[in-house]
Each structure stands twice: as structure tokens, then as C-alpha cells.
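Colleague: Pasting work.cif here (mmCIF, C-alpha atoms):
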data_protein
loop_
_atom_site.group_PDB
_atom_site.id
_atom_site.type_symbol
_atom_site.label_atom_id
_atom_site.label_comp_id
_atom_site.auth_asym_id
_atom_site.auth_seq_id
_atom_site.Cartn_x
_atom_site.Cartn_y
_atom_site.Cartn_z
ATOM 1 C CA MET F 18 321.650 119.030 53.135
ATOM 2 C CA ARG F 19 318.134 120.150 53.981
ATOM 3 C CA LEU F 20 316.099 119.050 56.964
ATOM 4 C CA ALA F 21 312.651 120.316 56.027
ATOM 5 C CA PHE F 22 310.610 121.754 58.911
ATOM 6 C CA PRO F 23 308.128 124.312 57.514
ATOM 7 C CA ARG F 24 307.518 126.902 60.226
ATOM 8 C CA SER F 25 306.766 130.580 60.595
ATOM 9 C CA LEU F 26 310.219 131.903 61.443
ATOM 10 C CA ARG F 27 312.235 135.059 60.940
ATOM 11 C CA PRO F 28 313.481 135.597 57.372
ATOM 12 C CA GLY F 29 316.996 134.503 56.538
ATOM 13 C CA TRP F 30 319.286 131.970 58.163
ATOM 14 C CA LEU F 31 321.132 131.744 61.463
ATOM 15 C CA ALA F 32 324.432 129.891 61.046
ATOM 16 C CA VAL F 33 325.694 128.089 64.166
ATOM 17 C CA HIS F 34 329.349 127.235 63.535
ATOM 18 C CA ALA F 35 331.311 125.295 66.156
ATOM 19 C CA GLN F 36 335.111 125.301 65.747
ATOM 20 C CA GLN F 37 337.993 124.292 67.995
ATOM 21 C CA ALA F 38 338.468 127.796 69.369
ATOM 22 C CA ALA F 39 334.980 129.292 69.360
ATOM 23 C CA LEU F 40 331.292 129.036 68.630
ATOM 24 C CA THR F 41 330.012 131.576 66.104
ATOM 25 C CA LEU F 42 326.441 132.705 65.438
ATOM 26 C CA VAL F 43 325.671 134.798 62.337
ATOM 27 C CA HIS F 44 322.243 135.786 61.016
ATOM 28 C CA ALA F 45 321.741 137.262 57.558
ATOM 29 C CA THR F 46 318.719 138.198 55.474
ATOM 30 C CA ARG F 47 318.251 138.923 51.780
ATOM 31 C CA GLY F 48 315.745 141.648 50.932
ATOM 32 C CA PRO F 49 314.879 144.358 48.410
ATOM 33 C CA ASP F 50 317.658 146.559 49.794
ATOM 34 C CA GLY F 51 320.282 143.821 49.671
ATOM 35 C CA ILE F 52 321.895 141.534 52.215
ATOM 36 C CA VAL F 53 321.923 142.523 55.881
ATOM 37 C CA VAL F 54 323.900 140.815 58.656
ATOM 38 C CA ASP F 55 322.060 141.784 61.830
ATOM 39 C CA LEU F 56 323.461 139.360 64.409
ATOM 40 C CA CYS F 57 327.006 138.186 65.062
ATOM 41 C CA ARG F 58 328.232 136.495 68.245
ATOM 42 C CA GLU F 59 331.525 134.740 68.844
ATOM 43 C CA LEU F 60 331.993 132.729 72.050
ATOM 44 C CA ASP F 61 335.302 131.344 73.259
ATOM 45 C CA GLY F 62 335.372 127.863 74.657
ATOM 46 C CA GLY F 63 335.831 125.608 71.666
ATOM 47 C CA GLU F 64 334.051 122.293 71.969
ATOM 48 C CA ARG F 65 332.424 123.354 75.258
ATOM 49 C CA ALA F 66 330.809 126.402 73.676
ATOM 50 C CA PRO F 67 327.701 124.506 72.433
ATOM 51 C CA GLU F 68 326.793 124.077 76.100
ATOM 52 C CA ALA F 69 325.947 127.807 76.046
ATOM 53 C CA LEU F 70 323.282 127.353 73.352
ATOM 54 C CA PRO F 71 320.303 126.915 75.721
ATOM 55 C CA ALA F 72 321.120 130.196 77.478
ATOM 56 C CA LEU F 73 321.671 131.924 74.127
ATOM 57 C CA ARG F 74 318.361 130.591 72.890
ATOM 58 C CA LYS F 75 316.668 132.358 75.784
ATOM 59 C CA SER F 76 318.636 135.617 75.687
ATOM 60 C CA LEU F 77 318.645 136.065 71.892
ATOM 61 C CA GLY F 78 315.350 134.382 71.057
ATOM 62 C CA LEU F 79 317.082 131.807 68.885
ATOM 63 C CA GLU F 80 313.942 129.696 68.661
ATOM 64 C CA LYS F 81 312.667 132.287 66.162
ATOM 65 C CA PHE F 82 315.451 131.598 63.666
ATOM 66 C CA ARG F 83 315.788 129.058 60.899
ATOM 67 C CA CYS F 84 319.195 127.511 61.597
ATOM 68 C CA THR F 85 321.971 125.817 59.707
ATOM 69 C CA THR F 86 325.274 124.440 60.933
ATOM 70 C CA LEU F 87 328.551 123.456 59.276
ATOM 71 C CA LEU F 88 329.997 119.961 59.368
ATOM 72 C CA PRO F 89 333.676 119.999 60.378
ATOM 73 C CA VAL F 90 336.141 119.375 57.569
ATOM 74 C CA GLY F 91 337.082 115.708 57.797
ATOM 75 C CA ASN F 92 333.547 114.629 58.697
ATOM 76 C CA TYR F 93 332.433 114.521 55.073
ATOM 77 C CA GLN F 94 333.672 113.973 51.532
ATOM 78 C CA LEU F 95 333.016 116.184 48.527
ATOM 79 C CA ILE F 96 333.166 114.079 45.370
ATOM 80 C CA GLN F 97 332.820 115.173 41.754
ATOM 81 C CA THR F 98 331.305 112.538 39.480
ATOM 82 C CA GLU F 99 329.140 112.064 36.401
ATOM 83 C CA THR F 100 325.437 112.689 36.837
ATOM 84 C CA PRO F 101 323.448 109.422 37.047
ATOM 85 C CA ASP F 102 321.304 108.568 34.038
ATOM 86 C CA VAL F 103 318.143 108.363 36.158
ATOM 87 C CA PRO F 104 315.459 110.902 37.173
ATOM 88 C CA ARG F 105 316.714 113.675 39.488
ATOM 89 C CA GLU F 106 314.791 112.339 42.484
ATOM 90 C CA GLU F 107 316.708 109.055 42.190
ATOM 91 C CA TRP F 108 320.202 110.551 42.078
ATOM 92 C CA ARG F 109 321.020 110.098 45.751
ATOM 93 C CA GLU F 110 320.251 106.403 45.807
ATOM 94 C CA ALA F 111 322.049 105.790 42.515
ATOM 95 C CA LEU F 112 325.130 107.656 43.746
ATOM 96 C CA ARG F 113 325.119 105.778 47.054
ATOM 97 C CA TRP F 114 326.019 102.561 45.248
ATOM 98 C CA ARG F 115 328.236 104.124 42.611
ATOM 99 C CA LEU F 116 330.439 105.767 45.252
ATOM 100 C CA LYS F 117 330.358 103.047 47.907
ATOM 101 C CA ASP F 118 333.970 102.024 47.280
ATOM 102 C CA LEU F 119 335.143 105.582 48.004
ATOM 103 C CA LEU F 120 333.651 105.513 51.516
ATOM 104 C CA ASP F 121 335.473 104.094 54.549
ATOM 105 C CA TYR F 122 332.162 102.984 56.085
ATOM 106 C CA PRO F 123 329.181 100.996 54.744
ATOM 107 C CA ALA F 124 327.156 102.825 52.106
ATOM 108 C CA GLU F 125 324.004 102.124 54.117
ATOM 109 C CA GLU F 126 325.374 104.401 56.862
ATOM 110 C CA ALA F 127 325.936 107.345 54.522
ATOM 111 C CA VAL F 128 323.834 110.444 53.994
ATOM 112 C CA PHE F 129 324.156 112.226 50.673
ATOM 113 C CA ASP F 130 323.342 115.543 49.105
ATOM 114 C CA VAL F 131 323.924 116.417 45.461
ATOM 115 C CA ALA F 132 324.563 119.695 43.631
ATOM 116 C CA ASP F 133 324.470 119.850 39.849
ATOM 117 C CA ILE F 134 327.386 121.409 37.947
ATOM 118 C CA PRO F 135 325.591 123.170 35.075
ATOM 119 C CA THR F 136 327.670 122.854 31.912
ATOM 120 C CA GLU F 137 325.260 121.674 29.220
ATOM 121 C CA GLN F 138 324.150 125.190 28.244
ATOM 122 C CA TYR F 139 327.788 126.236 27.768
ATOM 123 C CA ALA F 140 329.263 123.014 26.356
ATOM 124 C CA PRO F 141 326.514 121.012 24.609
ATOM 125 C CA GLY F 142 327.148 117.292 24.436
ATOM 126 C CA ARG F 143 329.483 117.285 27.399
ATOM 127 C CA GLN F 144 328.829 114.668 30.086
ATOM 128 C CA ARG F 145 326.972 116.320 32.974
ATOM 129 C CA GLN F 146 328.765 116.403 36.305
ATOM 130 C CA CYS F 147 327.620 116.821 39.888
ATOM 131 C CA LEU F 148 329.126 117.386 43.325
ATOM 132 C CA VAL F 149 328.212 114.874 46.013
ATOM 133 C CA VAL F 150 328.521 115.541 49.741
ATOM 134 C CA ALA F 151 328.748 112.229 51.602
ATOM 135 C CA ALA F 152 328.895 111.895 55.383
ATOM 136 C CA ARG F 153 328.471 109.156 57.947
ATOM 137 C CA ARG F 154 325.027 109.480 59.475
ATOM 138 C CA SER F 155 326.296 108.965 63.031
ATOM 139 C CA GLN F 156 328.843 111.787 62.691
ATOM 140 C CA VAL F 157 326.196 114.148 61.365
ATOM 141 C CA LEU F 158 323.898 113.286 64.272
ATOM 142 C CA ASP F 159 326.713 113.777 66.802
ATOM 143 C CA HIS F 160 327.457 117.203 65.344
ATOM 144 C CA VAL F 161 323.874 118.460 65.309
ATOM 145 C CA GLN F 162 322.880 117.028 68.697
ATOM 146 C CA PRO F 163 323.860 120.148 70.721
ATOM 147 C CA LEU F 164 321.583 122.269 68.505
ATOM 148 C CA LEU F 165 318.720 119.819 68.799
ATOM 149 C CA SER F 166 319.214 119.582 72.568
ATOM 150 C CA ALA F 167 319.007 123.378 72.753
ATOM 151 C CA ARG F 168 315.716 123.137 70.826
ATOM 152 C CA LEU F 169 316.930 125.245 67.909
ATOM 153 C CA GLN F 170 315.052 125.028 64.604
ATOM 154 C CA LEU F 171 317.720 123.210 62.623
ATOM 155 C CA ASP F 172 316.601 123.167 58.988
ATOM 156 C CA ALA F 173 319.864 122.483 57.145
ATOM 157 C CA VAL F 174 323.410 121.193 57.435
ATOM 158 C CA ASP F 175 326.103 122.906 55.340
ATOM 159 C CA VAL F 176 329.725 122.367 54.384
ATOM 160 C CA ALA F 177 332.525 124.916 54.014
ATOM 161 C CA GLU F 178 332.724 124.623 50.224
ATOM 162 C CA MET F 179 329.091 125.626 49.755
ATOM 163 C CA ALA F 180 329.333 128.385 52.356
ATOM 164 C CA GLN F 181 332.357 129.797 50.538
ATOM 165 C CA ARG F 182 330.460 129.587 47.245
ATOM 166 C CA ASN F 183 327.706 131.737 48.775
ATOM 167 C CA VAL F 184 330.217 134.468 49.620
ATOM 168 C CA ALA F 185 332.067 134.216 46.316
ATOM 169 C CA ALA F 186 328.834 134.665 44.365
ATOM 170 C CA LEU F 187 328.547 138.191 45.763
ATOM 171 C CA PHE F 188 331.790 139.210 44.046
ATOM 172 C CA GLU F 189 331.294 137.579 40.657
ATOM 173 C CA GLU F 190 331.245 139.690 37.518
ATOM 174 C CA GLU F 191 328.524 138.975 34.974
ATOM 175 C CA ASN F 192 329.328 135.890 32.870
ATOM 176 C CA ARG F 193 332.724 135.521 34.529
ATOM 177 C CA GLY F 194 334.116 132.990 36.962
ATOM 178 C CA LEU F 195 335.664 133.888 40.307
ATOM 179 C CA ALA F 196 338.363 132.170 42.347
ATOM 180 C CA PHE F 197 338.081 132.560 46.121
ATOM 181 C CA LEU F 198 340.603 131.621 48.815
ATOM 182 C CA ALA F 199 339.842 131.452 52.542
ATOM 183 C CA PHE F 200 341.345 129.805 55.631
ATOM 184 C CA ASP F 201 340.326 128.399 58.967
ATOM 185 C CA ASP F 202 341.713 125.943 61.522
ATOM 186 C CA SER F 203 341.439 123.132 58.956
ATOM 187 C CA GLY F 204 343.631 124.911 56.376
ATOM 188 C CA GLY F 205 343.024 126.763 53.147
ATOM 189 C CA LEU F 206 340.131 126.326 50.739
ATOM 190 C CA LEU F 207 340.292 127.477 47.127
ATOM 191 C CA THR F 208 337.044 127.470 45.133
ATOM 192 C CA VAL F 209 335.977 128.517 41.668
ATOM 193 C CA SER F 210 332.368 129.563 41.099
ATOM 194 C CA PHE F 211 330.401 130.750 38.103
ATOM 195 C CA LYS F 212 326.904 132.259 38.162
ATOM 196 C CA GLY F 213 326.589 131.302 41.808
ATOM 197 C CA GLU F 214 327.461 127.632 41.250
ATOM 198 C CA LEU F 215 330.463 125.794 42.658
ATOM 199 C CA TYR F 216 332.618 124.151 39.989
ATOM 200 C CA VAL F 217 335.924 123.377 41.717
ATOM 201 C CA SER F 218 337.213 123.176 45.276
ATOM 202 C CA ARG F 219 340.674 122.370 46.585
ATOM 203 C CA HIS F 220 341.959 122.114 50.140
ATOM 204 C CA ILE F 221 345.429 123.462 50.868
ATOM 205 C CA ASP F 222 347.349 122.231 53.914
ATOM 206 C CA VAL F 223 348.509 125.653 55.101
ATOM 207 C CA TYR F 224 347.162 126.953 58.414
ATOM 208 C CA PRO F 225 347.063 130.445 59.943
ATOM 209 C CA ALA F 226 348.395 129.006 63.224
ATOM 210 C CA GLN F 227 351.490 127.759 61.361
ATOM 211 C CA MET F 228 352.201 131.247 60.146
ATOM 212 C CA ALA F 229 352.000 132.850 63.567
ATOM 213 C CA GLY F 230 355.220 131.263 64.817
ATOM 214 C CA ALA F 231 357.076 130.829 61.536
ATOM 215 C CA ASP F 232 360.246 132.671 60.572
ATOM 216 C CA ASP F 233 360.451 134.636 57.331
ATOM 217 C CA GLU F 234 361.919 131.754 55.339
ATOM 218 C CA ARG F 235 359.261 129.301 56.479
ATOM 219 C CA ARG F 236 356.480 131.820 55.835
ATOM 220 C CA GLN F 237 357.744 132.416 52.311
ATOM 221 C CA GLN F 238 357.815 128.662 51.662
ATOM 222 C CA MET F 239 354.190 128.370 52.743
ATOM 223 C CA PHE F 240 353.190 131.375 50.639
ATOM 224 C CA GLU F 241 354.866 129.762 47.619
ATOM 225 C CA ARG F 242 353.025 126.524 48.317
ATOM 226 C CA VAL F 243 349.674 128.313 48.332
ATOM 227 C CA ALA F 244 350.558 130.136 45.113
ATOM 228 C CA LEU F 245 351.612 126.884 43.432
ATOM 229 C CA GLU F 246 348.405 125.129 44.465
ATOM 230 C CA ALA F 247 346.385 128.089 43.184
ATOM 231 C CA GLN F 248 348.238 128.135 39.875
ATOM 232 C CA ARG F 249 347.740 124.395 39.351
ATOM 233 C CA THR F 250 344.045 124.652 40.174
ATOM 234 C CA LEU F 251 343.487 127.560 37.803
ATOM 235 C CA ASP F 252 345.419 125.830 34.999
ATOM 236 C CA THR F 253 343.382 122.650 35.441
ATOM 237 C CA PHE F 254 340.175 124.671 35.510
ATOM 238 C CA ASP F 255 341.086 126.428 32.265
ATOM 239 C CA ARG F 256 341.550 123.059 30.549
ATOM 240 C CA GLN F 257 338.343 121.547 31.895
ATOM 241 C CA TYR F 258 336.091 124.591 31.503
ATOM 242 C CA SER F 259 337.450 126.448 28.492
ATOM 243 C CA PHE F 260 334.078 128.185 27.999
ATOM 244 C CA MET F 261 334.547 130.124 31.238
ATOM 245 C CA THR F 262 336.927 132.976 32.074
ATOM 246 C CA ILE F 263 338.116 133.607 35.637
ATOM 247 C CA THR F 264 338.599 137.322 36.165
ATOM 248 C CA ARG F 265 340.192 137.483 39.617
ATOM 249 C CA LEU F 266 341.081 135.799 42.893
ATOM 250 C CA LYS F 267 339.555 137.136 46.110
ATOM 251 C CA VAL F 268 341.350 136.301 49.369
ATOM 252 C CA ALA F 269 339.903 136.405 52.891
ATOM 253 C CA LEU F 270 343.093 137.344 54.694
ATOM 254 C CA TRP F 271 343.962 136.532 58.313
ATOM 255 C CA PRO F 272 346.541 138.847 59.990
ATOM 256 C CA GLU F 273 348.843 135.818 60.290
ATOM 257 C CA LEU F 274 348.894 135.622 56.486
ATOM 258 C CA ALA F 275 350.265 139.116 55.903
ATOM 259 C CA GLY F 276 352.448 138.982 52.814
ATOM 260 C CA MET F 277 350.426 136.312 51.033
ATOM 261 C CA LEU F 278 348.694 138.751 48.694
ATOM 262 C CA GLU F 279 352.017 139.922 47.309
ATOM 263 C CA SER F 280 353.158 136.338 46.787
ATOM 264 C CA LEU F 281 349.968 135.440 44.935
ATOM 265 C CA ARG F 282 350.091 138.586 42.809
ATOM 266 C CA SER F 283 353.623 137.818 41.695
ATOM 267 C CA SER F 284 352.736 134.205 40.782
ATOM 268 C CA LEU F 285 349.294 134.367 39.176
ATOM 269 C CA TYR F 286 348.113 135.783 35.856
ATOM 270 C CA ILE F 287 344.842 137.193 37.260
ATOM 271 C CA PRO F 288 344.305 140.121 39.661
ATOM 272 C CA VAL F 289 344.349 139.250 43.379
ATOM 273 C CA ASP F 290 342.315 141.315 45.873
ATOM 274 C CA GLU F 291 341.549 141.120 49.575
ATOM 275 C CA VAL F 292 337.910 140.461 50.468
ATOM 276 C CA ASP F 293 335.856 143.189 52.112
ATOM 277 C CA LEU F 294 332.348 141.958 52.895
ATOM 278 C CA ALA F 295 331.186 145.517 53.565
ATOM 279 C CA GLU F 296 331.082 145.998 49.784
ATOM 280 C CA PRO F 297 328.246 143.567 48.924
ATOM 281 C CA MET F 298 326.334 143.556 52.226
ATOM 282 C CA ASP F 299 325.242 145.768 55.110
ATOM 283 C CA LEU F 300 327.294 145.024 58.237
ATOM 284 C CA THR F 301 326.440 148.138 60.248
ATOM 285 C CA ALA F 302 324.467 146.171 62.866
ATOM 286 C CA CYS F 303 327.638 144.180 63.641
ATOM 287 C CA PRO F 304 330.475 146.718 64.051
ATOM 288 C CA GLU F 305 332.979 143.967 64.826
ATOM 289 C CA LEU F 306 332.686 142.900 61.184
ATOM 290 C CA ALA F 307 334.118 146.225 60.035
ATOM 291 C CA GLU F 308 337.518 144.583 60.528
ATOM 292 C CA LYS F 309 338.456 142.506 57.480
ATOM 293 C CA ALA F 310 340.452 140.184 59.724
ATOM 294 C CA THR F 311 337.261 139.358 61.649
ATOM 295 C CA GLN F 312 335.413 138.816 58.398
ATOM 296 C CA ALA F 313 338.103 136.342 57.333
ATOM 297 C CA ARG F 314 337.928 134.446 60.631
ATOM 298 C CA LEU F 315 334.117 134.151 60.448
ATOM 299 C CA ILE F 316 333.854 133.687 56.683
ATOM 300 C CA TYR F 317 332.240 130.242 56.793
ATOM 301 C CA ALA F 318 329.600 131.170 59.343
ATOM 302 C CA ILE F 319 328.764 134.222 57.239
ATOM 303 C CA GLY F 320 328.646 132.124 54.088
ATOM 304 C CA ALA F 321 326.352 129.540 55.665
ATOM 305 C CA ALA F 322 323.987 132.335 56.747
ATOM 306 C CA LEU F 323 323.808 133.450 53.090
ATOM 307 C CA ARG F 324 322.291 130.218 51.802
ATOM 308 C CA ASP F 325 319.155 130.485 49.714
ATOM 309 C CA GLY F 326 315.984 128.767 50.824
ATOM 310 C CA ASP F 327 316.339 126.024 48.244
ATOM 311 C CA ALA F 328 320.133 125.899 47.962
ATOM 312 C CA ALA F 329 322.084 122.653 48.121
#
Produce C-alpha cells that represent the structure in this file.
Modeller:
Amino acid sequence: MRLAFPRSLRPGWLAVHAQQAALTLVHATRGPDGIVVDLCRELDGGERAPEALPALRKSLGLEKFRCTTLLPVGNYQLIQTETPDVPREEWREALRWRLKDLLDYPAEEAVFDVADIPTEQYAPGRQRQCLVVAARRSQVLDHVQPLLSARLQLDAVDVAEMAQRNVAALFEEENRGLAFLAFDDSGGLLTVSFKGELYVSRHIDVYPAQMAGADDERRQQMFERVALEAQRTLDTFDRQYSFMTITRLKVALWPELAGMLESLRSSLYIPVDEVDLAEPMDLTACPELAEKATQARLIYAIGAALRDGDAA
């Protein structure tokens, strides 16, 4: 979702990501020499961490950044549906009334954003589809209020699925789809992207915190569950998008998930690799990101900072 405030600001995006355990700030820019992450801060304190934003604004000059933030999982719905047969500028209003029965609040209280799923050039005659992000306006306002109170230049609101798409796009092979699996406090998220567009997303109810205290048998059961969910998603994708080939699965791996790669490799028919963000971008200004475990923990903040100026 874009909140348009044209200003003269530093290039790139600053992602401000509030989670239960920490507040994360990541700034990234895209330039002729590639992608550079030049700021990364992680503050403990969970829900109280946004109280530190005014001081951070002063010490880091945050007023000079164009900012985005991520809605918490559970505060929005991501719905795949047919594209309305109306002009593009009328999609949001048309979808508001089409999807009203899927919302647990009045449609008038919803805010929407829409991303096209481009299939017509690959499968002519196929009904066009789109992804709709729907959220209750009051929940969005509650979430962004700490940033507005700190007088940050909030220009966009993101969701995890789109942030993960931004990261996945960096690892895609030409004319090939890519599956990407990441985790945070809300569980696992499996996405499939193609040419930088999100086609499929699936949440998996397996959490790094569960793994930390689990015995070997319980860990193996959870690994098998993730592998089964991944296999089902890939099989469904193959049936729905037969024109597209997925070449591999990339996994952002928390230390608590050690052993998952081997489980996925033994269950899936595509190669499975661990993500290393140092491959497609320059992380030298943020030495803490040299650790792949840190990359995995901050993956959504990094992905949100990678959004394009006109991205959904």
C-alpha cells in the first residue's frame, strides 16, 4: 500500500519492522553498482521499542529517509481472486464489494491494495488473477501511529509476502520460477515468484521457538510437516501454472531449524539451498548481516527495504 508524499529524500527505503521481540531498521538502495544495505539496527524491547523512534530519528537522521513498515501477520488478509472487468483504477472499489463476505468487519472499514498476477502473456485466454491485500483501517492506523508520532516520512505499508517476493526476485534464474521459504515469530511463509512477481503464498504453522525446546522426534515431525506443505504447494503450483518451471527452493534458515534443509532435500524433487544475501547485495556496511542466521531473522525488514518506488 502506498501513501504518496513526494519529497526530496535519500534514495532507497528504510524499513521499520516492529515484532514481538525487537524493532528492526534496515535501509537499502538500488544503484548502478547493485543493491547496498547501508543501515541495520535491531533494538530489543518488543512492543515498547517504537518508543525509541523519536530518539533514533534524531541520532540517525531518520527524517531524511523514505519509510515503509510491515503489518503484523493476522492484521491483514491476502486473497487471490479474478481480476475485475473494469478499468484498473476502479479495481479497489470493485473488489471491496466482491470480497465483503470474506471480511470479518464491514467492507466500508477496509483498505485494499491490489497486485496483478501476470499470466496472459504466458497462457492466452486464461482468466486474469490478482492478489488483494485487505486490512481494517483502524488496525493499520494503530500500527503506523508510532512512526507518525516520531515524525518519520512514512510513504508505504508492506506485508511479509511482498517483502519476501522482493528478496526472492534476487535469486531467480531467467524465465524460471523460484520457491522461497522463510520464518519469523508468526510461523513459516512459502512463496513462489516468477520474473519478480508473486504468484503463490502459503503460511505454515511451524515456529522457530517451537524448535528450540523440542526433542529430536518432535523436531523431525515438524520438519516433515514443512516438507509436506512445501510438496503440496509445489504440486498445486505445477497444475495451475504449467507454463512455468520452478528451479529451486531457497530457505532462510534460523539456527533453531538446523536439520530442516536435509529433510526438505530428501522430500522434494527440486534443489534446496540456504539463502545467503551477501550473494546478490552489498552488506559490508552492516557486518552483523554477514551471519546467515541474522539475515534469516531480519529477512522481512530487508525485503521491505528492497521495494521498488512503484511496487505494490
Colleague: What's around Arg47 (chain F) at 12 Å? Count all atoms listed in the file, leave out sequence neighbours fewer than 2 positions away in its own chain, and write the answer as a PyMOL selection string.
Modeller: chain F and resi 27-30+44-45+49-55+187+297-299+322-326
Colleague: Give me the residues within 6 Å of region 209-215 of chain F as a PyMOL selection string, counting all atoms listed in the file and dropping any in the same chain fewer than 4 places off.
Modeller: chain F and resi 182+186+194-196
Colleague: Closest to Cys84 (chain F) among F:Leu42, F:Ala302, F:Leu158, F:Ala229, using all atoms listed in the file?
Modeller: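 Between F:Leu42, F:Ala302, F:Leu158, F:Ala229, the residue approaching Cys84 (chain F) most closely is F:Leu42.
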Colleague: Given the choices F:Arg153, F:Lys81, F:Arg115, F:Lys309, which gets closest to Phe129 (chain F) if the distance is worked out from only C-alpha atoms?
Modeller: F:Arg153
Colleague: Using all atoms listed in the file, determine which residues lie at most 9 Å from Val184 (chain F), disregarding the query and same-chain residues fewer than 2 positions distant; provide the list as an NGL selection string.
Modeller: :F and (179-182 or 186-188 or 197 or 294 or 316-317 or 319-321 or 323)
Colleague: What is the CA of Met228 (chain F)-CA of Phe240 (chain F) distance in Å, reported with one decimal?
Modeller: 9.6 Å
Colleague: N, CA, C and O atoms are needed for region 67-85 of chain F; please write them out as a CSV table (one decimal), in the coordinates of the input.
Modeller:
chain,number,residue,atom,x,y,z
F,67,PRO,N,329.1,124.9,72.7
F,67,PRO,CA,327.7,124.5,72.4
F,67,PRO,C,326.9,124.4,73.7
F,67,PRO,O,325.6,124.4,73.6
F,68,GLU,N,327.5,124.2,74.8
F,68,GLU,CA,326.8,124.1,76.1
F,68,GLU,C,326.1,125.4,76.4
F,68,GLU,O,325.1,125.4,77.2
F,69,ALA,N,326.6,126.5,75.8
F,69,ALA,CA,325.9,127.8,76.0
F,69,ALA,C,324.7,128.0,75.2
F,69,ALA,O,324.0,129.0,75.4
F,70,LEU,N,324.4,127.1,74.3
F,70,LEU,CA,323.3,127.4,73.4
F,70,LEU,C,321.9,127.5,74.0
F,70,LEU,O,321.1,128.4,73.7
F,71,PRO,N,321.6,126.7,75.1
F,71,PRO,CA,320.3,126.9,75.7
F,71,PRO,C,320.1,128.3,76.3
F,71,PRO,O,319.1,128.9,76.2
F,72,ALA,N,321.2,128.8,76.9
F,72,ALA,CA,321.1,130.2,77.5
F,72,ALA,C,321.0,131.2,76.4
F,72,ALA,O,320.3,132.2,76.5
F,73,LEU,N,321.7,131.0,75.3
F,73,LEU,CA,321.7,131.9,74.1
F,73,LEU,C,320.3,131.9,73.5
F,73,LEU,O,319.8,132.9,73.0
F,74,ARG,N,319.7,130.7,73.4
F,74,ARG,CA,318.4,130.6,72.9
F,74,ARG,C,317.4,131.5,73.6
F,74,ARG,O,316.6,132.2,73.0
F,75,LYS,N,317.6,131.5,75.0
F,75,LYS,CA,316.7,132.4,75.8
F,75,LYS,C,317.0,133.8,75.6
F,75,LYS,O,316.1,134.7,75.5
F,76,SER,N,318.3,134.2,75.7
F,76,SER,CA,318.6,135.6,75.7
F,76,SER,C,318.5,136.3,74.3
F,76,SER,O,318.2,137.5,74.2
F,77,LEU,N,318.7,135.5,73.2
F,77,LEU,CA,318.6,136.1,71.9
F,77,LEU,C,317.4,135.6,71.1
F,77,LEU,O,317.2,136.0,70.0
F,78,GLY,N,316.6,134.8,71.7
F,78,GLY,CA,315.4,134.4,71.1
F,78,GLY,C,315.7,133.5,69.9
F,78,GLY,O,315.0,133.6,68.8
F,79,LEU,N,316.6,132.6,70.0
F,79,LEU,CA,317.1,131.8,68.9
F,79,LEU,C,316.0,130.8,68.4
F,79,LEU,O,316.2,130.4,67.2
F,80,GLU,N,315.0,130.6,69.1
F,80,GLU,CA,313.9,129.7,68.7
F,80,GLU,C,313.2,130.3,67.5
F,80,GLU,O,312.4,129.6,66.8
F,81,LYS,N,313.4,131.6,67.2
F,81,LYS,CA,312.7,132.3,66.2
F,81,LYS,C,313.4,132.2,64.8
F,81,LYS,O,312.9,132.7,63.8
F,82,PHE,N,314.6,131.6,64.9
F,82,PHE,CA,315.5,131.6,63.7
F,82,PHE,C,315.4,130.2,63.0
F,82,PHE,O,315.4,129.2,63.6
F,83,ARG,N,315.5,130.3,61.7
F,83,ARG,CA,315.8,129.1,60.9
F,83,ARG,C,317.3,128.9,60.9
F,83,ARG,O,318.1,129.7,60.4
F,84,CYS,N,317.8,127.7,61.3
F,84,CYS,CA,319.2,127.5,61.6
F,84,CYS,C,319.8,126.5,60.6
F,84,CYS,O,319.2,125.6,60.1
F,85,THR,N,321.1,126.8,60.4
F,85,THR,CA,322.0,125.8,59.7
F,85,THR,C,323.3,125.7,60.5
F,85,THR,O,323.6,126.6,61.3
